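Q: One structure is given below, represented as structure tokens, and several questions about it will come after.
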Amino acid sequence: MAKHRGRGTVAVNYPIGMNLGGDPSQALVHSNPEGQFTVALSSIDLGQGMKSVTRQIAAETLGVPVGHVYVDTADSDTGAQCMGSFASRGTHRVGNAVIAAAKEARAVMLAAAARELEVNPTDLETDGLGNIHVKGAPQRSVTTKDAANAAQFKYGESVSGSGIFLIPMSDVDVETGEMNTVSCFAHCAMIVDLTVDDKTGEISDVQINSAYEIGRALNPKLMEQQLVGGAWMGLSHAAYETTEPAYPSRDHRPFDFSSYVMPGPGDLAQHDIAILERPAPDGPFGGKGPGEMCANPVLPAVANAVFDAVGVEIDTLPITPERILRALKEQRGA
Amino acid sequence: MTTPVHFTHNGRPVSLFTEAGESLLSLLRLKLGDQTPKYGCGQGGCGACSVRIDGQLRLACLTLAETVDGAEVETVAALSAPNLDPLQEAFMDHFAAQCGYCTPGMIVAARTLLDTNPRPSRDEVIEAISGNLCRCTGYEPIIDAILAVAAQEVSA
Amino acid sequence: MPIEITRTDDPGLAARLIANDRGAYVMGGGTGLMRRIHEGDQAVRHLILLSGPRLRQIAPERGGFFIGAQASMADVLAAPEARALHQPAASVGAPALRNMATVGGNLFARPPYGDLTTALLALDAEAVTASGSGEDRRPLALLLEDRTTRRLVLGVFVPDQGGARLHYTKMTRSHPRGASIVTVAASLARSGGRVTMARVAFGGLAGAPFRASGVERALTGGPLGSETIATAAERIGDGITPMSDALASGWYRLEMAKIHLRRLLGTAQGSPS
Ligand SMILES: Cc1cc2nc3c(=O)[nH]c(=O)nc-3n(C[C@H](O)[C@H](O)[C@H](O)COP(=O)(O)OP(=O)(O)OC[C@H]3O[C@@H](n4cnc5c(N)ncnc54)[C@H](O)[C@@H]3O)c2cc1C
């Protein structure tokens with residue numbers, strides 16, 4: 001048996017969001033009588049952490065503890081319109097909308113606090129622990145709960161806000177073909193090392209080294225987990241899963257999780273990740289979001305590594321042992 | 001055709017009727033209202049419905065309901081009362097859940113492992129969860145969480 | 001259509017029910033049957049829940065040992081008598097499945113399943129079936145070939161292997177668990193540097209597990225050299241149609257069967273007779 005080690009590299013500029021006639025997202029924020037806040041979104045958390053990250057963004061903007069914010073997602077009846085959770089746009093678009101909405105709500109809350117404390121709202125600051133106090137005089141303070149209550153019960157003000165973030169549609173310059181579809185790019189570089197068994201076509205001992213530039217990691221642990229899990233799915237798309245294994249023939253389609261093959265816990269790549277933070281000027285607190293970029297680079301990197309290992313270029317996904325072996329036999333002229 | 005079954009559900013004796021051909025999963029979720037075991041594939045391929053029957057790890061979707069007559073059936077709900085199982089804490093600390101659908105089955109599988117093998121190797125952990133699919137995490141944080149609990153329980 | 005259920009501890013009754021009604025099935029662990037029911041397979045109309053101590057027994061018997069049809073893979077793994085089957089039993093599914101999947105059900109599993117059965121073939125096991133109120137025995141290979149007669153299997157009898165040793169391997173796409181691309185089980189006896197007996201079975205390769213007589217003949221009589229092994233590997237495809245499914249094409253399965261037979265016997269070469 002002969003085993004060959006190969007290395008594949010890839011570099012990615014990943015556009016955040018898309019632009020088919022403009023790309024807006026909206027958010028609504030309001031306080032309840034307990035002085036806690038609800039953020040209503042129609043954006044969907046499909047496991048990627050939308051709820052966690054918008055909750056942090058809202059809390060940071062409002063100046064209240066994270067525990068005082070509840071995010072209600074994925075209901076297009078109660079949330080304002082959002083283009084959706086795709087194109088790696090969630091953190092960037094929805095995060096900005098949440099900031100805009102939370103700023104409005106915060107202004108109402110601070111105005112009420114100012115009246116309670118008999119100062120100017122511009123003289124107030126929040127401590128992030130649930131208190132609003134006069135700058136330089138922390139003893140002159142009111143809780144965010146009392147301020148929110150005063151707004152509603154004494155001053156008849158609604159502690160709420162709405163926000164929208166829009167990347168406007170960009171027209172094509174008819175002369176040059178130029179257009180400006182995105183405002184923000186994330187980046188990745190990845191190196192995949194793997195071993196190919198030239199008798200079976202099997203890939204093993206996959207090692208991934210990656211670097212991601214994602215603006216700012218608003219939740220570093222969540223970011224890391226997203227990148228690890230995303231790379232797993234990338235590897236699965238690269239070398240395992242497909243609904244059409246005999247494409248273009250439609251035969252032999254999988255019908256369960258034994259025939260729809262995915263890497264098992266014994267097929268994990270060792271993955272070392274470096275996160276580079278270069279806050280995006282138009283991102284919420286500088287954030288861009290790893291989104292789809294966590295999975296995509298693995299595919300070309302695996303294809304390149306297989307080529308480097310055994311000299312066959314597989315241009316059909318997934319790069320299965322069978323496809324590698326067939327290509328090897330053709331290469332040897334068998 | 002309905003058949004009476006009597007068994008204990010998370011330590012509590014229960015008696016109900018099952019329809020012929022009904023699975024334990026449907027009995028638990030629809031008749032007992034215990035929705036902690038998840039309906040994933042209904043084919044035994046995902047492990048989201050993992051439960052313990054007389055201490056043994058089983059797939060509730062492939063278990064004919066009337067065969068648990070007289071047995072002790074445990075779901076993840078039994079592990080989280082009154083306090084969370086250390087595995088549940090560790091899954092949170094290690095970010096071992098994203099969408100969360102596999103988590104109940106993972107925890108039941110992991111608890112069954114640690115009850116019989118308190119110091120598992122990494123490979124033994126991998127084997128123990130090999131019938132439980134996770135589509136989000138890439139398994140790595142799940143394996144780490146289980147190993148962390150093993151280290152903690154052995155040293156305690 | 002509602003499903004009928006019969007509970008009984010009378011093997012004779014169960015045998016008659018399945019012999020006379022193609023919609024009647026004896027329930028093992030249910031990992032195949034329950035799934036068919038979920039999927040709305042109307043062919044499953046009557047489930048027979050058969051019980052009895054012999055059905056779960058694993059015990060020495062004259063000239064070998066007996067495994068009840070309802071013993072699970074986990075039961076096999078816990079029985080020291082069945083040591084020869086530990087590696088194959090451990091290769092079936094994941095832990096929860098092994099607690100449910102029975103030896104009897106494995107004989108009739110949908111391809112490419114049937115890993116334990118592949119090993120049983122190489123061990124020259126006999127199927128113990130119900131006959132009237134008594135028992136009948138026939139080579140397992142015969143039971144598997146005759147798919148028209150529906151017999152109740154009470155268990156399998158595994159004869160003493162004398163000096164023969166079982167070599168087993170299973171290739172999957174995902175790890176540590178997955179369905180078979182090919183499963184190879186080879187039981188070899190050697191004496192004076194020559195192979196005196198070879199039983200070689202393949203699972204996953206061509207529908208139900210089977211014994212490859214051409215391979216066995218090629219291996220028997222001479223030393224276990226690389227050339228013999230290579231010749232034997234070329235006989236694997238004789239008389240079979242390798243199966244294609246979502247996991248692999250028949251072409252790939254046959255290629256892998258050759259490679260894995262070679263690798264398996266290559267390690268056998270080095271091991272004590
Ligand atoms: C996710 C998953 C993974 C799997 N992985 C594997 C694997 O790696 N390797 C493998 O070999 N299999 C695998 N299987 C297939 C299957 O689980 C096993 O083959 C198992 O041994 C079947 O046994 P059972 O008791 O569950 O069968 P059942 O579903 O109870 O029965 C299957 C068939 O056998 C018949 N039968 C059962 N007992 C008898 C008897 N005593 N006499 C006559 N007929 C009988 C039934 O009537 C039915 O037709 C897998 C299945 C699933 C769902």
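In the structure tokens, each chain is lettered A, B, ... as it comes, each chain's residues begin at 1, and ligands are numbered from 1 in order of appearance.
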Counting only C-alpha atoms, which residues of chain B come no farther than 12 Å from chain A, as a count of residues only?
A: 42
Q: Name the residues in contact with Ala151 of chain B at a cut-off of 12 Å, using only C-alpha atoms, excluding same-chain residues fewer than 2 positions from it; report them as a VMD selection string.
A: chain B and resid 86 to 87 90 114 117 to 122 144 to 149 153 to 156
Q: Write as a PyMOL selection string the residues around ligand 1, taking 8 Å as the cut-off and counting only C-alpha atoms and all ligand atoms.
A: (chain A and resi 257-258) or (chain B and resi 43-46+131) or (chain C and resi 24-35+55+69-70+72-73+91-94+97-98+100-110+112-117+129+150-155+177-180)
Q: Please produce a file of those selected residues containing C-alpha atoms, as a tab-separated table (two decimals), in the first residue's frame.
A:
chain	number	residue	atom	x	y	z
A	257	PHE	CA	-28.03	8.46	7.35
A	258	SER	CA	-26.05	5.34	6.53
B	43	GLN	CA	-34.68	5.09	10.99
B	44	GLY	CA	-32.18	4.55	13.81
B	45	GLY	CA	-29.57	6.57	11.97
B	46	CYS	CA	-29.28	9.79	13.99
B	131	GLY	CA	-24.49	6.57	16.65
C	24	ALA	CA	-46.03	-12.11	9.14
C	25	TYR	CA	-42.59	-11.37	10.59
C	26	VAL	CA	-40.81	-12.56	13.70
C	27	MET	CA	-39.49	-9.62	15.60
C	28	GLY	CA	-35.84	-9.57	16.57
C	29	GLY	CA	-34.55	-6.25	17.87
C	30	GLY	CA	-36.76	-4.45	15.40
C	31	THR	CA	-33.99	-2.29	13.91
C	32	GLY	CA	-35.07	-3.34	10.44
C	33	LEU	CA	-38.75	-4.09	11.02
C	34	MET	CA	-39.70	-1.01	13.05
C	35	ARG	CA	-38.13	1.13	10.42
C	55	LEU	CA	-33.68	-17.72	22.06
C	69	ALA	CA	-31.45	-15.88	17.45
C	70	GLN	CA	-32.54	-13.15	19.84
C	72	SER	CA	-28.07	-9.04	20.63
C	73	MET	CA	-24.66	-7.94	19.40
C	91	SER	CA	-18.37	-3.77	13.88
C	92	VAL	CA	-22.17	-3.68	13.68
C	93	GLY	CA	-23.65	-0.21	14.09
C	94	ALA	CA	-23.07	1.99	17.12
C	97	LEU	CA	-27.88	-0.35	17.83
C	98	ARG	CA	-25.71	-3.16	19.19
C	100	MET	CA	-30.91	-3.97	19.95
C	101	ALA	CA	-29.70	-5.69	16.77
C	102	THR	CA	-30.05	-9.47	17.05
C	103	VAL	CA	-28.11	-12.34	15.52
C	104	GLY	CA	-31.31	-13.69	13.91
C	105	GLY	CA	-32.18	-10.31	12.39
C	106	ASN	CA	-28.67	-9.92	11.02
C	107	LEU	CA	-29.16	-13.02	8.86
C	108	PHE	CA	-31.98	-11.23	7.03
C	109	ALA	CA	-30.70	-7.66	7.12
C	110	ARG	CA	-31.02	-5.45	4.07
C	112	PRO	CA	-25.07	-4.00	2.54
C	113	TYR	CA	-25.75	-5.06	6.14
C	114	GLY	CA	-25.02	-8.53	7.46
C	115	ASP	CA	-21.55	-8.20	8.97
C	116	LEU	CA	-21.98	-10.80	11.69
C	117	THR	CA	-23.53	-13.16	9.16
C	129	THR	CA	-34.43	-23.75	12.65
C	150	ARG	CA	-39.58	-18.62	5.32
C	151	ARG	CA	-38.09	-20.42	8.30
C	152	LEU	CA	-38.03	-19.53	11.96
C	153	VAL	CA	-34.43	-19.39	13.09
C	154	LEU	CA	-33.92	-20.43	16.72
C	155	GLY	CA	-30.23	-19.73	16.67
C	177	ARG	CA	-19.26	3.40	12.30
C	178	GLY	CA	-20.82	2.92	8.94
C	179	ALA	CA	-22.42	0.52	6.52
C	180	SER	CA	-20.16	-1.88	4.72
Q: With a cut-off of 9 Å and counting only C-alpha atoms, select all residues of chain C in contact with chain A and give the selection as JSON, numbers by chain.
A: {"C": [173, 174, 175, 176, 177, 178, 179, 244, 245, 246, 247, 248, 249, 252, 255, 256, 259, 263]}
Q: Using C-alpha atoms, can you write the selected residues to a file as a PDB file, in the first residue's frame?
A:
ATOM      1  CA  ARG C 173     -16.874   5.297   4.402  1.00  0.00           C
ATOM      2  CA  SER C 174     -17.445   6.974   7.760  1.00  0.00           C
ATOM      3  CA  HIS C 175     -15.685   6.062  10.986  1.00  0.00           C
ATOM      4  CA  PRO C 176     -15.805   4.557  13.477  1.00  0.00           C
ATOM      5  CA  ARG C 177     -19.260   3.396  12.301  1.00  0.00           C
ATOM      6  CA  GLY C 178     -20.825   2.924   8.938  1.00  0.00           C
ATOM      7  CA  ALA C 179     -22.417   0.525   6.523  1.00  0.00           C
ATOM      8  CA  SER C 244     -24.082  -0.542  -6.436  1.00  0.00           C
ATOM      9  CA  ASP C 245     -25.681   1.849  -3.985  1.00  0.00           C
ATOM     10  CA  ALA C 246     -25.184   5.350  -2.623  1.00  0.00           C
ATOM     11  CA  LEU C 247     -21.986   4.286  -0.844  1.00  0.00           C
ATOM     12  CA  ALA C 248     -20.134   2.823  -3.803  1.00  0.00           C
ATOM     13  CA  SER C 249     -20.515   1.293  -7.231  1.00  0.00           C
ATOM     14  CA  TYR C 252     -15.454  -0.046  -6.519  1.00  0.00           C
ATOM     15  CA  GLU C 255     -11.825  -3.507  -6.250  1.00  0.00           C
ATOM     16  CA  MET C 256     -11.993  -3.021  -2.496  1.00  0.00           C
ATOM     17  CA  ILE C 259      -7.508  -5.048  -1.826  1.00  0.00           C
ATOM     18  CA  ARG C 263      -4.367  -6.890   3.119  1.00  0.00           C
TER      19      ARG C 263
END
Q: Pick the closest to chain C from B:Asn83, B:Ser23, B:Ser15, B:Asn10: which is it, counting only C-alpha atoms?
A: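 Between B:Asn83, B:Ser23, B:Ser15, B:Asn10, the residue approaching chain C most closely is B:Ser23.
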Q: If you run DSSP over the backbone, which residues in segment 41-152 of chain C end up helix (DSSP H, G or I)? Put them as a VMD selection string.
A: chain C and resid 53 to 56 73 to 78 80 to 90 95 to 100 103 to 107 115 to 122 140 to 145
Q: Which residues come within 6 Å of segment 280-297 of chain A, counting only C-alpha atoms, excluding same-chain residues fewer than 5 positions away, as a compact mmCIF listing (two decimals) with N, CA and C atoms, in the first residue's frame?
A:
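Dumped to selection_17.txt:
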# COMPACT_ATOMS: atom_id res chain seq x y z
N SER A 88 -23.87 35.09 4.65
CA SER A 88 -22.98 35.51 5.76
C SER A 88 -23.32 36.91 6.26
N THR A 91 -24.74 38.81 11.18
CA THR A 91 -24.13 39.68 12.18
C THR A 91 -24.05 41.11 11.65
N HIS A 92 -23.60 41.24 10.42
CA HIS A 92 -23.35 42.57 9.86
C HIS A 92 -24.65 43.35 9.66
N GLY A 95 -27.07 43.00 12.94
CA GLY A 95 -26.38 43.66 14.07
C GLY A 95 -26.49 45.17 13.96
N ASN A 96 -26.29 45.71 12.78
CA ASN A 96 -26.40 47.16 12.59
C ASN A 96 -27.83 47.65 12.83
N ILE A 214 -12.12 38.35 10.48
CA ILE A 214 -13.58 38.42 10.58
C ILE A 214 -14.06 39.74 11.21
N GLY A 215 -13.24 40.80 11.07
CA GLY A 215 -13.66 42.06 11.66
C GLY A 215 -13.38 42.06 13.14
N ARG A 216 -14.40 41.80 13.92
CA ARG A 216 -14.16 41.58 15.35
C ARG A 216 -14.96 40.37 15.80
N LEU A 227 -16.40 28.17 13.38
CA LEU A 227 -15.35 27.85 12.40
C LEU A 227 -15.01 26.36 12.42
N GLY A 230 -18.11 24.54 11.02
CA GLY A 230 -18.25 24.85 9.59
C GLY A 230 -17.23 24.11 8.75
N ALA A 231 -16.01 24.00 9.27
CA ALA A 231 -14.98 23.28 8.52
C ALA A 231 -15.33 21.80 8.43
N GLY A 234 -17.62 21.61 5.71
CA GLY A 234 -16.87 21.80 4.47
C GLY A 234 -16.19 20.51 4.04
Q: Report, in Å to a single decimal, how far apart atom CA of Asp160 of chain C and atom CA of Gln269 of chain C are.
A: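 Taking atom CA of Gln269 of chain C as the start and atom CA of Asp160 of chain C as the end point, the length is 22.2 Å.
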Q: Excluding segment 9-16 of chain C and residues on its chain fewer than 3 positions from it, collect all residues at most 7 Å away from it, counting only C-alpha atoms, and give them as number ranges by chain.
A: C: 19-20, 48, 50-52, 130, 132-133, 151-152
Q: Just write the chosen residues, C-alpha atoms, as a PDB file, in the first residue's frame.
A:
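Saved result, again_35.pdb, follows:
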ATOM      1  CA  ALA C  19     -44.459 -20.048   6.775  1.00  0.00           C
ATOM      2  CA  ASN C  20     -48.084 -19.471   5.842  1.00  0.00           C
ATOM      3  CA  ILE C  48     -44.713 -12.083  16.125  1.00  0.00           C
ATOM      4  CA  LEU C  50     -41.582 -14.736  20.351  1.00  0.00           C
ATOM      5  CA  SER C  51     -39.979 -15.320  23.732  1.00  0.00           C
ATOM      6  CA  GLY C  52     -38.196 -18.171  25.421  1.00  0.00           C
ATOM      7  CA  ALA C 130     -37.791 -24.752  14.067  1.00  0.00           C
ATOM      8  CA  GLY C 132     -42.622 -29.042  13.867  1.00  0.00           C
ATOM      9  CA  SER C 133     -42.104 -29.079  17.607  1.00  0.00           C
ATOM     10  CA  ARG C 151     -38.090 -20.416   8.296  1.00  0.00           C
ATOM     11  CA  LEU C 152     -38.028 -19.528  11.956  1.00  0.00           C
TER      12      LEU C 152
END
Q: Could you tell me how far atom CA of Val298 of chain A sits from atom CA of Leu218 of chain A, in Å to one decimal place?
A: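 Spanning atom CA of Leu218 of chain A to atom CA of Val298 of chain A is a straight-line distance of 23.8 Å.
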Q: Of the candidates C:Glu227, C:Asp21, C:Glu61, C:Asp75, which one gets nearest to chain B if we count only C-alpha atoms?
A: C:Asp75
Q: Which residues are close to Arg22 of chain C, i.e. within 9 Å by only C-alpha atoms, leaving aside same-chain residues fewer than 6 positions away? Reply as a PDB file with C-alpha atoms, in the first residue's frame.
A:
ATOM      1  CA  ALA C  43     -45.924  -5.701   3.489  1.00  0.00           C
ATOM      2  CA  VAL C  44     -45.444  -5.842   7.265  1.00  0.00           C
ATOM      3  CA  ARG C  45     -48.872  -6.788   8.614  1.00  0.00           C
ATOM      4  CA  ARG C 150     -39.585 -18.620   5.319  1.00  0.00           C
TER       5      ARG C 150
END
Q: Atom CA of Asp272 of chain A to atom CA of Ala303 of chain A: how many Å, to one decimal?
A: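 Value for the atom CA of Asp272 of chain A-atom CA of Ala303 of chain A distance: 19.5 Å.
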Q: Which of segment 39-217 of chain A end up as strand (DSSP E) when DSSP is run on this backbone - answer as an MDAnalysis selection string?
A: chainID A and resid 39:40 69:72 124:126 131:134 137:143 160:167 185:197 203:213
Q: Choose the residue, out of C:Ala79, C:Ala71, C:Ala218, C:Ala96, that has the smallest atom-to-atom separation from chain B; count only C-alpha atoms.
A: C:Ala96
